[in-house]
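Engineer: The file below is final_16.pdb, PDB, C-alpha atoms:
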```
MODEL        1
ATOM      1  CA  ASP D   1     121.655 171.170  38.095  1.00  0.00           C
ATOM      2  CA  GLN D   2     122.009 167.435  38.665  1.00  0.00           C
ATOM      3  CA  GLN D   3     124.927 166.441  36.441  1.00  0.00           C
ATOM      4  CA  VAL D   4     124.887 162.817  37.560  1.00  0.00           C
ATOM      5  CA  LYS D   5     121.503 161.154  37.870  1.00  0.00           C
ATOM      6  CA  GLN D   6     120.403 157.827  39.213  1.00  0.00           C
ATOM      7  CA  ASN D   7     116.751 157.717  38.325  1.00  0.00           C
ATOM      8  CA  SER D   8     115.886 154.556  40.237  1.00  0.00           C
ATOM      9  CA  PRO D   9     115.744 155.258  43.971  1.00  0.00           C
ATOM     10  CA  SER D  10     115.540 151.552  44.750  1.00  0.00           C
ATOM     11  CA  LEU D  11     115.970 148.107  43.253  1.00  0.00           C
ATOM     12  CA  SER D  12     114.922 144.744  44.633  1.00  0.00           C
ATOM     13  CA  VAL D  13     116.520 141.534  43.348  1.00  0.00           C
ATOM     14  CA  GLN D  14     116.445 137.879  44.248  1.00  0.00           C
ATOM     15  CA  GLU D  15     119.660 136.275  45.446  1.00  0.00           C
ATOM     16  CA  GLY D  16     121.599 134.718  42.576  1.00  0.00           C
ATOM     17  CA  ARG D  17     120.037 136.939  39.921  1.00  0.00           C
ATOM     18  CA  ILE D  18     121.605 139.912  38.182  1.00  0.00           C
ATOM     19  CA  SER D  19     121.376 143.422  39.622  1.00  0.00           C
ATOM     20  CA  ILE D  20     121.630 146.284  37.137  1.00  0.00           C
ATOM     21  CA  LEU D  21     122.057 149.801  38.464  1.00  0.00           C
ATOM     22  CA  ASN D  22     121.898 152.676  36.038  1.00  0.00           C
ATOM     23  CA  CYS D  23     123.392 156.141  35.931  1.00  0.00           C
ATOM     24  CA  ASP D  24     123.136 159.019  33.451  1.00  0.00           C
ATOM     25  CA  TYR D  25     125.303 162.100  33.209  1.00  0.00           C
ATOM     26  CA  THR D  26     125.113 165.373  31.346  1.00  0.00           C
ATOM     27  CA  ASN D  27     128.589 166.862  31.566  1.00  0.00           C
ATOM     28  CA  SER D  28     130.756 165.958  28.569  1.00  0.00           C
ATOM     29  CA  MET D  29     133.859 166.900  30.564  1.00  0.00           C
ATOM     30  CA  PHE D  30     133.489 163.847  32.789  1.00  0.00           C
ATOM     31  CA  ASP D  31     136.252 161.410  31.895  1.00  0.00           C
ATOM     32  CA  TYR D  32     136.324 158.970  34.773  1.00  0.00           C
ATOM     33  CA  PHE D  33     133.434 157.220  36.454  1.00  0.00           C
ATOM     34  CA  LEU D  34     133.188 155.357  39.713  1.00  0.00           C
ATOM     35  CA  TRP D  35     130.722 153.369  41.748  1.00  0.00           C
ATOM     36  CA  TYR D  36     130.648 153.593  45.509  1.00  0.00           C
ATOM     37  CA  LYS D  37     128.786 151.358  47.925  1.00  0.00           C
ATOM     38  CA  LYS D  38     127.441 152.542  51.259  1.00  0.00           C
ATOM     39  CA  TYR D  39     126.153 150.576  54.217  1.00  0.00           C
ATOM     40  CA  PRO D  40     124.052 152.309  56.906  1.00  0.00           C
ATOM     41  CA  ALA D  41     126.055 154.416  59.366  1.00  0.00           C
ATOM     42  CA  GLU D  42     129.215 153.974  57.311  1.00  0.00           C
ATOM     43  CA  GLY D  43     130.969 156.119  54.758  1.00  0.00           C
ATOM     44  CA  PRO D  44     130.877 155.205  51.075  1.00  0.00           C
ATOM     45  CA  THR D  45     133.514 152.729  49.913  1.00  0.00           C
ATOM     46  CA  PHE D  46     134.972 152.527  46.444  1.00  0.00           C
ATOM     47  CA  LEU D  47     133.721 149.609  44.370  1.00  0.00           C
ATOM     48  CA  ILE D  48     134.794 149.860  40.746  1.00  0.00           C
ATOM     49  CA  SER D  49     135.708 152.498  38.184  1.00  0.00           C
ATOM     50  CA  ILE D  50     136.029 153.037  34.458  1.00  0.00           C
ATOM     51  CA  SER D  51     137.895 155.485  32.301  1.00  0.00           C
ATOM     52  CA  SER D  52     136.114 157.190  29.436  1.00  0.00           C
ATOM     53  CA  ILE D  53     138.495 155.511  26.983  1.00  0.00           C
ATOM     54  CA  LYS D  54     136.986 152.145  27.849  1.00  0.00           C
ATOM     55  CA  ASP D  55     133.482 150.769  27.556  1.00  0.00           C
ATOM     56  CA  LYS D  56     133.736 147.956  30.080  1.00  0.00           C
ATOM     57  CA  ASN D  57     135.576 147.125  33.259  1.00  0.00           C
ATOM     58  CA  GLU D  58     135.165 143.937  35.221  1.00  0.00           C
ATOM     59  CA  ASP D  59     136.139 142.990  38.751  1.00  0.00           C
ATOM     60  CA  GLY D  60     134.838 139.673  39.974  1.00  0.00           C
ATOM     61  CA  ARG D  61     131.057 139.811  40.236  1.00  0.00           C
ATOM     62  CA  PHE D  62     131.003 143.503  39.354  1.00  0.00           C
ATOM     63  CA  THR D  63     131.084 144.911  35.835  1.00  0.00           C
ATOM     64  CA  VAL D  64     130.678 148.527  34.826  1.00  0.00           C
ATOM     65  CA  PHE D  65     129.608 149.437  31.295  1.00  0.00           C
ATOM     66  CA  LEU D  66     130.019 152.889  29.790  1.00  0.00           C
ATOM     67  CA  ASN D  67     128.115 154.204  26.776  1.00  0.00           C
ATOM     68  CA  LYS D  68     129.666 157.596  26.044  1.00  0.00           C
ATOM     69  CA  SER D  69     127.359 158.478  23.182  1.00  0.00           C
ATOM     70  CA  ALA D  70     124.351 157.986  25.428  1.00  0.00           C
ATOM     71  CA  LYS D  71     126.119 159.443  28.486  1.00  0.00           C
ATOM     72  CA  HIS D  72     125.057 156.379  30.385  1.00  0.00           C
ATOM     73  CA  LEU D  73     126.765 153.864  32.598  1.00  0.00           C
ATOM     74  CA  SER D  74     125.560 150.816  34.425  1.00  0.00           C
ATOM     75  CA  LEU D  75     126.786 148.513  37.147  1.00  0.00           C
ATOM     76  CA  HIS D  76     126.050 144.810  36.841  1.00  0.00           C
ATOM     77  CA  ILE D  77     126.318 142.512  39.827  1.00  0.00           C
ATOM     78  CA  VAL D  78     126.225 138.818  38.997  1.00  0.00           C
ATOM     79  CA  PRO D  79     125.270 136.829  40.959  1.00  0.00           C
ATOM     80  CA  SER D  80     123.708 139.117  43.517  1.00  0.00           C
ATOM     81  CA  GLN D  81     124.172 138.245  47.167  1.00  0.00           C
ATOM     82  CA  PRO D  82     122.311 139.444  50.288  1.00  0.00           C
ATOM     83  CA  GLY D  83     125.523 141.149  51.444  1.00  0.00           C
ATOM     84  CA  ASP D  84     125.314 143.365  48.362  1.00  0.00           C
ATOM     85  CA  SER D  85     122.302 145.109  49.888  1.00  0.00           C
ATOM     86  CA  ALA D  86     123.406 148.718  50.272  1.00  0.00           C
ATOM     87  CA  VAL D  87     123.114 152.136  48.680  1.00  0.00           C
ATOM     88  CA  TYR D  88     125.077 152.432  45.443  1.00  0.00           C
ATOM     89  CA  PHE D  89     126.326 155.808  44.266  1.00  0.00           C
ATOM     90  CA  CYS D  90     127.486 156.597  40.788  1.00  0.00           C
ATOM     91  CA  ALA D  91     130.153 159.312  40.655  1.00  0.00           C
ATOM     92  CA  ALA D  92     131.998 161.153  37.929  1.00  0.00           C
ATOM     93  CA  LEU D  93     135.291 162.983  37.734  1.00  0.00           C
ATOM     94  CA  ALA D  94     136.052 165.798  35.325  1.00  0.00           C
ATOM     95  CA  GLY D  95     139.279 167.102  33.987  1.00  0.00           C
ATOM     96  CA  GLY D  96     139.979 170.721  33.169  1.00  0.00           C
ATOM     97  CA  THR D  97     138.989 173.410  35.642  1.00  0.00           C
ATOM     98  CA  SER D  98     136.900 170.956  37.649  1.00  0.00           C
ATOM     99  CA  TYR D  99     139.858 168.653  38.042  1.00  0.00           C
ATOM    100  CA  GLY D 100     139.612 166.556  41.171  1.00  0.00           C
ATOM    101  CA  LYS D 101     135.953 167.277  41.897  1.00  0.00           C
ATOM    102  CA  LEU D 102     133.916 164.106  42.263  1.00  0.00           C
ATOM    103  CA  THR D 103     130.213 164.569  41.478  1.00  0.00           C
ATOM    104  CA  PHE D 104     127.822 161.991  42.913  1.00  0.00           C
ATOM    105  CA  GLY D 105     124.388 160.810  41.883  1.00  0.00           C
ATOM    106  CA  GLN D 106     121.545 160.507  44.366  1.00  0.00           C
ATOM    107  CA  GLY D 107     122.081 156.829  44.996  1.00  0.00           C
ATOM    108  CA  THR D 108     120.084 153.633  44.442  1.00  0.00           C
ATOM    109  CA  ILE D 109     119.088 151.406  47.339  1.00  0.00           C
ATOM    110  CA  LEU D 110     119.706 147.789  46.362  1.00  0.00           C
ATOM    111  CA  THR D 111     117.975 145.060  48.310  1.00  0.00           C
ATOM    112  CA  VAL D 112     118.920 141.461  47.578  1.00  0.00           C
ATOM    113  CA  HIS D 113     116.442 138.968  48.985  1.00  0.00           C
ATOM    114  CA  PRO D 114     117.584 135.491  50.048  1.00  0.00           C
TER     115      PRO D 114
ATOM    116  CA  GLU O   1     146.152 150.643  58.245  1.00  0.00           C
ATOM    117  CA  ALA O   2     143.812 153.057  60.015  1.00  0.00           C
ATOM    118  CA  GLY O   3     141.074 154.600  57.923  1.00  0.00           C
ATOM    119  CA  VAL O   4     139.738 158.125  57.909  1.00  0.00           C
ATOM    120  CA  VAL O   5     138.653 159.031  61.426  1.00  0.00           C
ATOM    121  CA  GLN O   6     135.933 161.547  62.123  1.00  0.00           C
ATOM    122  CA  SER O   7     134.486 162.916  65.308  1.00  0.00           C
ATOM    123  CA  PRO O   8     131.995 163.348  66.724  1.00  0.00           C
ATOM    124  CA  ARG O   9     129.846 160.645  65.111  1.00  0.00           C
ATOM    125  CA  TYR O  10     126.669 162.354  66.244  1.00  0.00           C
ATOM    126  CA  LYS O  11     125.926 165.898  67.353  1.00  0.00           C
ATOM    127  CA  ILE O  12     122.641 167.486  68.358  1.00  0.00           C
ATOM    128  CA  ILE O  13     122.553 171.246  68.835  1.00  0.00           C
ATOM    129  CA  GLU O  14     120.041 174.046  68.866  1.00  0.00           C
ATOM    130  CA  LYS O  15     119.911 176.479  66.000  1.00  0.00           C
ATOM    131  CA  LYS O  16     122.275 179.423  66.176  1.00  0.00           C
ATOM    132  CA  GLN O  17     124.771 177.372  68.166  1.00  0.00           C
ATOM    133  CA  PRO O  18     128.265 176.670  66.783  1.00  0.00           C
ATOM    134  CA  VAL O  19     129.491 173.193  65.941  1.00  0.00           C
ATOM    135  CA  ALA O  20     132.812 171.755  64.819  1.00  0.00           C
ATOM    136  CA  PHE O  21     133.785 168.492  63.163  1.00  0.00           C
ATOM    137  CA  TRP O  22     137.209 166.970  63.120  1.00  0.00           C
ATOM    138  CA  CYS O  23     138.841 164.690  60.569  1.00  0.00           C
ATOM    139  CA  ASN O  24     142.068 162.708  60.608  1.00  0.00           C
ATOM    140  CA  PRO O  25     142.852 161.410  57.110  1.00  0.00           C
ATOM    141  CA  ILE O  26     144.720 158.280  56.156  1.00  0.00           C
ATOM    142  CA  SER O  27     148.415 158.694  56.835  1.00  0.00           C
ATOM    143  CA  GLY O  28     150.262 159.952  53.781  1.00  0.00           C
ATOM    144  CA  HIS O  29     147.180 161.151  51.933  1.00  0.00           C
ATOM    145  CA  ASN O  30     147.777 164.650  50.645  1.00  0.00           C
ATOM    146  CA  THR O  31     144.244 165.466  49.545  1.00  0.00           C
ATOM    147  CA  LEU O  32     141.353 165.914  51.951  1.00  0.00           C
ATOM    148  CA  TYR O  33     137.696 166.510  51.197  1.00  0.00           C
ATOM    149  CA  TRP O  34     134.652 167.567  53.163  1.00  0.00           C
ATOM    150  CA  TYR O  35     131.350 166.420  51.725  1.00  0.00           C
ATOM    151  CA  LEU O  36     127.793 167.153  52.810  1.00  0.00           C
ATOM    152  CA  GLN O  37     125.193 164.423  52.464  1.00  0.00           C
ATOM    153  CA  ASN O  38     121.537 165.244  52.874  1.00  0.00           C
ATOM    154  CA  LEU O  39     118.993 162.513  53.428  1.00  0.00           C
ATOM    155  CA  GLY O  40     118.286 160.626  50.215  1.00  0.00           C
ATOM    156  CA  GLN O  41     120.981 162.457  48.281  1.00  0.00           C
ATOM    157  CA  GLY O  42     124.507 161.778  47.209  1.00  0.00           C
ATOM    158  CA  PRO O  43     127.473 163.485  48.826  1.00  0.00           C
ATOM    159  CA  GLU O  44     128.170 167.046  47.674  1.00  0.00           C
ATOM    160  CA  LEU O  45     131.633 168.551  47.862  1.00  0.00           C
ATOM    161  CA  LEU O  46     132.055 171.430  50.292  1.00  0.00           C
ATOM    162  CA  ILE O  47     135.810 171.903  50.162  1.00  0.00           C
ATOM    163  CA  ARG O  48     138.901 170.125  48.890  1.00  0.00           C
ATOM    164  CA  TYR O  49     142.423 170.550  50.220  1.00  0.00           C
ATOM    165  CA  GLU O  50     145.672 169.663  48.573  1.00  0.00           C
ATOM    166  CA  ASN O  51     148.064 169.640  51.505  1.00  0.00           C
ATOM    167  CA  GLU O  52     147.283 172.884  53.380  1.00  0.00           C
ATOM    168  CA  GLU O  53     145.771 174.686  50.418  1.00  0.00           C
ATOM    169  CA  ALA O  54     142.042 174.839  49.809  1.00  0.00           C
ATOM    170  CA  VAL O  55     141.937 174.302  46.042  1.00  0.00           C
ATOM    171  CA  ASP O  56     138.168 174.128  45.681  1.00  0.00           C
ATOM    172  CA  ASP O  57     135.851 175.802  48.186  1.00  0.00           C
ATOM    173  CA  SER O  58     133.289 177.092  45.713  1.00  0.00           C
ATOM    174  CA  GLN O  59     130.486 175.111  47.354  1.00  0.00           C
ATOM    175  CA  LEU O  60     131.282 176.148  50.924  1.00  0.00           C
ATOM    176  CA  PRO O  61     128.741 178.657  52.337  1.00  0.00           C
ATOM    177  CA  LYS O  62     131.372 181.023  53.618  1.00  0.00           C
ATOM    178  CA  ASP O  63     129.007 183.195  55.639  1.00  0.00           C
ATOM    179  CA  ARG O  64     128.626 180.458  58.226  1.00  0.00           C
ATOM    180  CA  PHE O  65     130.996 177.630  57.302  1.00  0.00           C
ATOM    181  CA  SER O  66     134.736 177.608  57.713  1.00  0.00           C
ATOM    182  CA  ALA O  67     137.380 174.949  57.410  1.00  0.00           C
ATOM    183  CA  GLU O  68     141.057 174.610  58.022  1.00  0.00           C
ATOM    184  CA  ARG O  69     143.720 172.018  57.511  1.00  0.00           C
ATOM    185  CA  LEU O  70     146.696 172.889  59.609  1.00  0.00           C
ATOM    186  CA  LYS O  71     150.036 171.308  58.714  1.00  0.00           C
ATOM    187  CA  GLY O  72     148.361 169.479  55.872  1.00  0.00           C
ATOM    188  CA  VAL O  73     147.068 166.652  58.059  1.00  0.00           C
ATOM    189  CA  ASP O  74     144.001 166.965  60.310  1.00  0.00           C
ATOM    190  CA  SER O  75     141.129 169.192  59.338  1.00  0.00           C
ATOM    191  CA  THR O  76     138.236 170.865  61.093  1.00  0.00           C
ATOM    192  CA  LEU O  77     134.955 172.052  59.644  1.00  0.00           C
ATOM    193  CA  LYS O  78     133.027 174.633  61.612  1.00  0.00           C
ATOM    194  CA  ILE O  79     129.502 175.969  61.334  1.00  0.00           C
ATOM    195  CA  GLN O  80     128.603 179.177  63.150  1.00  0.00           C
ATOM    196  CA  PRO O  81     125.758 179.774  63.609  1.00  0.00           C
ATOM    197  CA  ALA O  82     124.024 176.518  62.696  1.00  0.00           C
ATOM    198  CA  GLU O  83     120.648 176.611  60.972  1.00  0.00           C
ATOM    199  CA  LEU O  84     117.906 174.002  60.783  1.00  0.00           C
ATOM    200  CA  GLY O  85     118.832 173.233  57.174  1.00  0.00           C
ATOM    201  CA  ASP O  86     122.340 172.250  58.181  1.00  0.00           C
ATOM    202  CA  SER O  87     121.060 168.957  59.564  1.00  0.00           C
ATOM    203  CA  ALA O  88     122.907 166.376  57.493  1.00  0.00           C
ATOM    204  CA  VAL O  89     125.836 163.988  57.514  1.00  0.00           C
ATOM    205  CA  TYR O  90     129.233 165.599  57.068  1.00  0.00           C
ATOM    206  CA  LEU O  91     131.679 163.233  55.422  1.00  0.00           C
ATOM    207  CA  CYS O  92     135.426 163.579  55.358  1.00  0.00           C
ATOM    208  CA  ALA O  93     137.470 161.754  52.743  1.00  0.00           C
ATOM    209  CA  SER O  94     141.102 161.571  51.765  1.00  0.00           C
ATOM    210  CA  SER O  95     143.150 160.377  48.831  1.00  0.00           C
ATOM    211  CA  LEU O  96     146.698 160.331  47.556  1.00  0.00           C
ATOM    212  CA  VAL O  97     147.002 162.402  44.419  1.00  0.00           C
ATOM    213  CA  VAL O  98     150.294 162.356  42.565  1.00  0.00           C
ATOM    214  CA  GLY O  99     150.565 164.838  39.750  1.00  0.00           C
ATOM    215  CA  THR O 100     147.515 164.451  37.539  1.00  0.00           C
ATOM    216  CA  ALA O 101     146.916 160.875  38.655  1.00  0.00           C
ATOM    217  CA  ASN O 102     143.611 161.540  40.368  1.00  0.00           C
ATOM    218  CA  THR O 103     141.307 158.618  39.804  1.00  0.00           C
ATOM    219  CA  GLY O 104     138.733 159.749  42.334  1.00  0.00           C
ATOM    220  CA  GLU O 105     139.225 156.770  44.621  1.00  0.00           C
ATOM    221  CA  LEU O 106     138.432 158.543  47.827  1.00  0.00           C
ATOM    222  CA  PHE O 107     138.506 156.895  51.220  1.00  0.00           C
ATOM    223  CA  PHE O 108     135.629 158.108  53.362  1.00  0.00           C
ATOM    224  CA  GLY O 109     135.208 158.303  57.087  1.00  0.00           C
ATOM    225  CA  GLU O 110     132.011 157.170  58.777  1.00  0.00           C
ATOM    226  CA  GLY O 111     130.650 160.687  58.846  1.00  0.00           C
ATOM    227  CA  SER O 112     129.381 163.087  61.482  1.00  0.00           C
ATOM    228  CA  ARG O 113     125.619 163.271  61.696  1.00  0.00           C
ATOM    229  CA  LEU O 114     124.401 166.726  62.707  1.00  0.00           C
ATOM    230  CA  THR O 115     120.911 167.422  63.961  1.00  0.00           C
ATOM    231  CA  VAL O 116     119.937 171.055  64.444  1.00  0.00           C
ATOM    232  CA  LEU O 117     116.818 171.605  66.560  1.00  0.00           C
TER     233      LEU O 117
ENDMDL
END
```
Please express what this file holds, its structure, as structure tokens.
Structural biologist:
Amino acid sequence: DQQVKQNSPSLSVQEGRISILNCDYTNSMFDYFLWYKKYPAEGPTFLISISSIKDKNEDGRFTVFLNKSAKHLSLHIVPSQPGDSAVYFCAALAGGTSYGKLTFGQGTILTVHP
Amino acid sequence: EAGVVQSPRYKIIEKKQPVAFWCNPISGHNTLYWYLQNLGQGPELLIRYENEEAVDDSQLPKDRFSAERLKGVDSTLKIQPAELGDSAVYLCASSLVVGTANTGELFFGEGSRLTVL
């Protein structure tokens, strides 16, 4: 039961263009969403997050959009840079009895070409 | 500030052998997590500690996996006996949770890559 899904295993983008990474979820109890970035042989690092009471959060080149009705969120990177090449994980946090449990998607490999 | 430290980084063992992983969280972090990451997948929670207490171990295969967090600081994750399917990266993470202010911003270590032959 994959509650957080990233249906695109990989994405290739030209430097300077926009990268859009997508994520879908099924659990209505999720109320906080995060994106993590992972370089090879390193642990994931936190990138940006959004609460379910918002529909947009921006931090520099990174913007996360949340569409609760569609249970969909996306990460926009503008402009994309070669150093952004990494695996991006979408993650979701639920309240209630699952409080504190972070559920990850499968990840999307982003490659930004110079 | 030192990050989450894990050891060993790499471990190769034969099936049925025991293996142990160690994690030192960020100083002051009260919550510690062990995640399992299979190739091409996202991390999956094995166990979560709040201080010394394991508050969520529902995903830990208790027949062969065990974990402890003595004194609410360092933690060890043990597998005995290891099986071929246990080959994966074992990630440790920590965070500071105050009351209900858990925003999921975990700090991960570099992981311990296990290969079972």
Engineer: Up to 10 Å from chain D, what residues of chain O turn up? Count only C-alpha atoms and give them as a PyMOL selection string.
Structural biologist: chain O and resi 4+9+31+33+37-45+47-48+55-56+89-93+97+100-113
Engineer: From the set O:Ile26, O:Leu46, O:Leu77, O:Leu36, which residue has the shortest atom-to-atom contact distance to Ser95 of chain O, counting all atoms listed in the file?
Structural biologist: O:Ile26
Engineer: At what distance in Å, to one decimal, does atom CA of Ser94 of chain O lie from atom CA of His76 of chain D?
Structural biologist: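 Between atom CA of His76 of chain D and atom CA of Ser94 of chain O the gap works out to 27.0 Å.
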Engineer: Given the file shown, determine the residues that the PyMOL selection byres ((chain O and resi 79) around 10) selects; report them as a PyMOL selection string.
Structural biologist: chain O and resi 16-21+61-67+77-78+80-83+86
Engineer: Quick one: distance from atom CA of Cys23 of chain O to atom CA of Leu110 of chain D in Å, one decimal?
Structural biologist: 29.2 Å
Engineer: Select, from O:Leu84, O:Val98, O:Ala54, O:Gln59, the residue with the minimum atom-to-atom distance to Ile12 of chain O, counting only C-alpha atoms.
Structural biologist: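 Using only C-alpha atoms, Ile12 of chain O sits closest to O:Leu84.
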Engineer: Translate the PyMOL selection byres ((chain D and resi 84) around 10), as applied to the file shown, into an explicit residue set as a ChimeraX atom specification.
Structural biologist: /D:15,19,37-39,77,79-83,85-88,110-113
Engineer: Rounded to one decimal, what separation in Å do you get between atom CA of Leu70 of chain O and atom CA of Pro25 of chain O?
Structural biologist: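 Between atom CA of Leu70 of chain O and atom CA of Pro25 of chain O the gap works out to 12.4 Å.
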Engineer: Using all atoms listed in the file, which protein or nucleic acid residues come within 7 Å of Asn22 of chain D? Drop anything in the same chain fewer than 3 positions from it, and give the result as a list in words.
Structural biologist: Gln6, Leu73, Ser74 and Leu75 of chain D
Engineer: Could you turn the residues from that selection into a file that holds C-alpha atoms, as a PDB file, keeping the file's coordinate frame?
Structural biologist:
```pdb
ATOM      1  CA  GLN D   6     120.403 157.827  39.213  1.00  0.00           C
ATOM      2  CA  LEU D  73     126.765 153.864  32.598  1.00  0.00           C
ATOM      3  CA  SER D  74     125.560 150.816  34.425  1.00  0.00           C
ATOM      4  CA  LEU D  75     126.786 148.513  37.147  1.00  0.00           C
TER       5      LEU D  75
END
```
Engineer: Which residues would end up in the selection if the PyMOL selection byres ((chain D and resi 26) around 9) were applied here, given that I need the answer as a PyMOL selection string?
Structural biologist: chain D and resi 2-5+24-25+27-30+71
Engineer: So which residues touch Glu53 of chain O within 9 Å, counting only C-alpha atoms, skipping near sequence neighbours fewer than 5 positions away, as a PDB file with C-alpha atoms, in the coordinates of the input?
Structural biologist:
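That gives us selection-v9.pdb:
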```pdb
ATOM      1  CA  ARG O  48     138.901 170.125  48.890  1.00  0.00           C
ATOM      2  CA  GLU O  68     141.057 174.610  58.022  1.00  0.00           C
ATOM      3  CA  ARG O  69     143.720 172.018  57.511  1.00  0.00           C
ATOM      4  CA  GLY O  72     148.361 169.479  55.872  1.00  0.00           C
TER       5      GLY O  72
END
```
Engineer: Residues near Asn30 of chain O, anyone? I mean within 6 Å using all atoms listed in the file, not counting same-chain ones fewer than 3 positions away, as a list in words.
Structural biologist: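 So, after excluding close chain neighbours, the residues are Glu50, Asn51 and Leu96 of chain O.
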Engineer: Dump C-alpha atoms for the selected residues as a PDB file, in the coordinates of the input?
Structural biologist:
```
ATOM      1  CA  GLU O  50     145.672 169.663  48.573  1.00  0.00           C
ATOM      2  CA  ASN O  51     148.064 169.640  51.505  1.00  0.00           C
ATOM      3  CA  LEU O  96     146.698 160.331  47.556  1.00  0.00           C
TER       4      LEU O  96
END
```
Engineer: Between O:Lys15, O:Ser75, O:Glu52, O:His29, which has the minimum distance to Gly3 of chain O (counting only C-alpha atoms)?
Structural biologist: O:His29
Engineer: Using all atoms listed in the file, which residue out of D:Ile18, D:Val78, D:Ala70, D:Leu11 lies closest to Glu58 of chain D?
Structural biologist: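 Ranked by minimum distance to Glu58 of chain D, first place goes to D:Val78.
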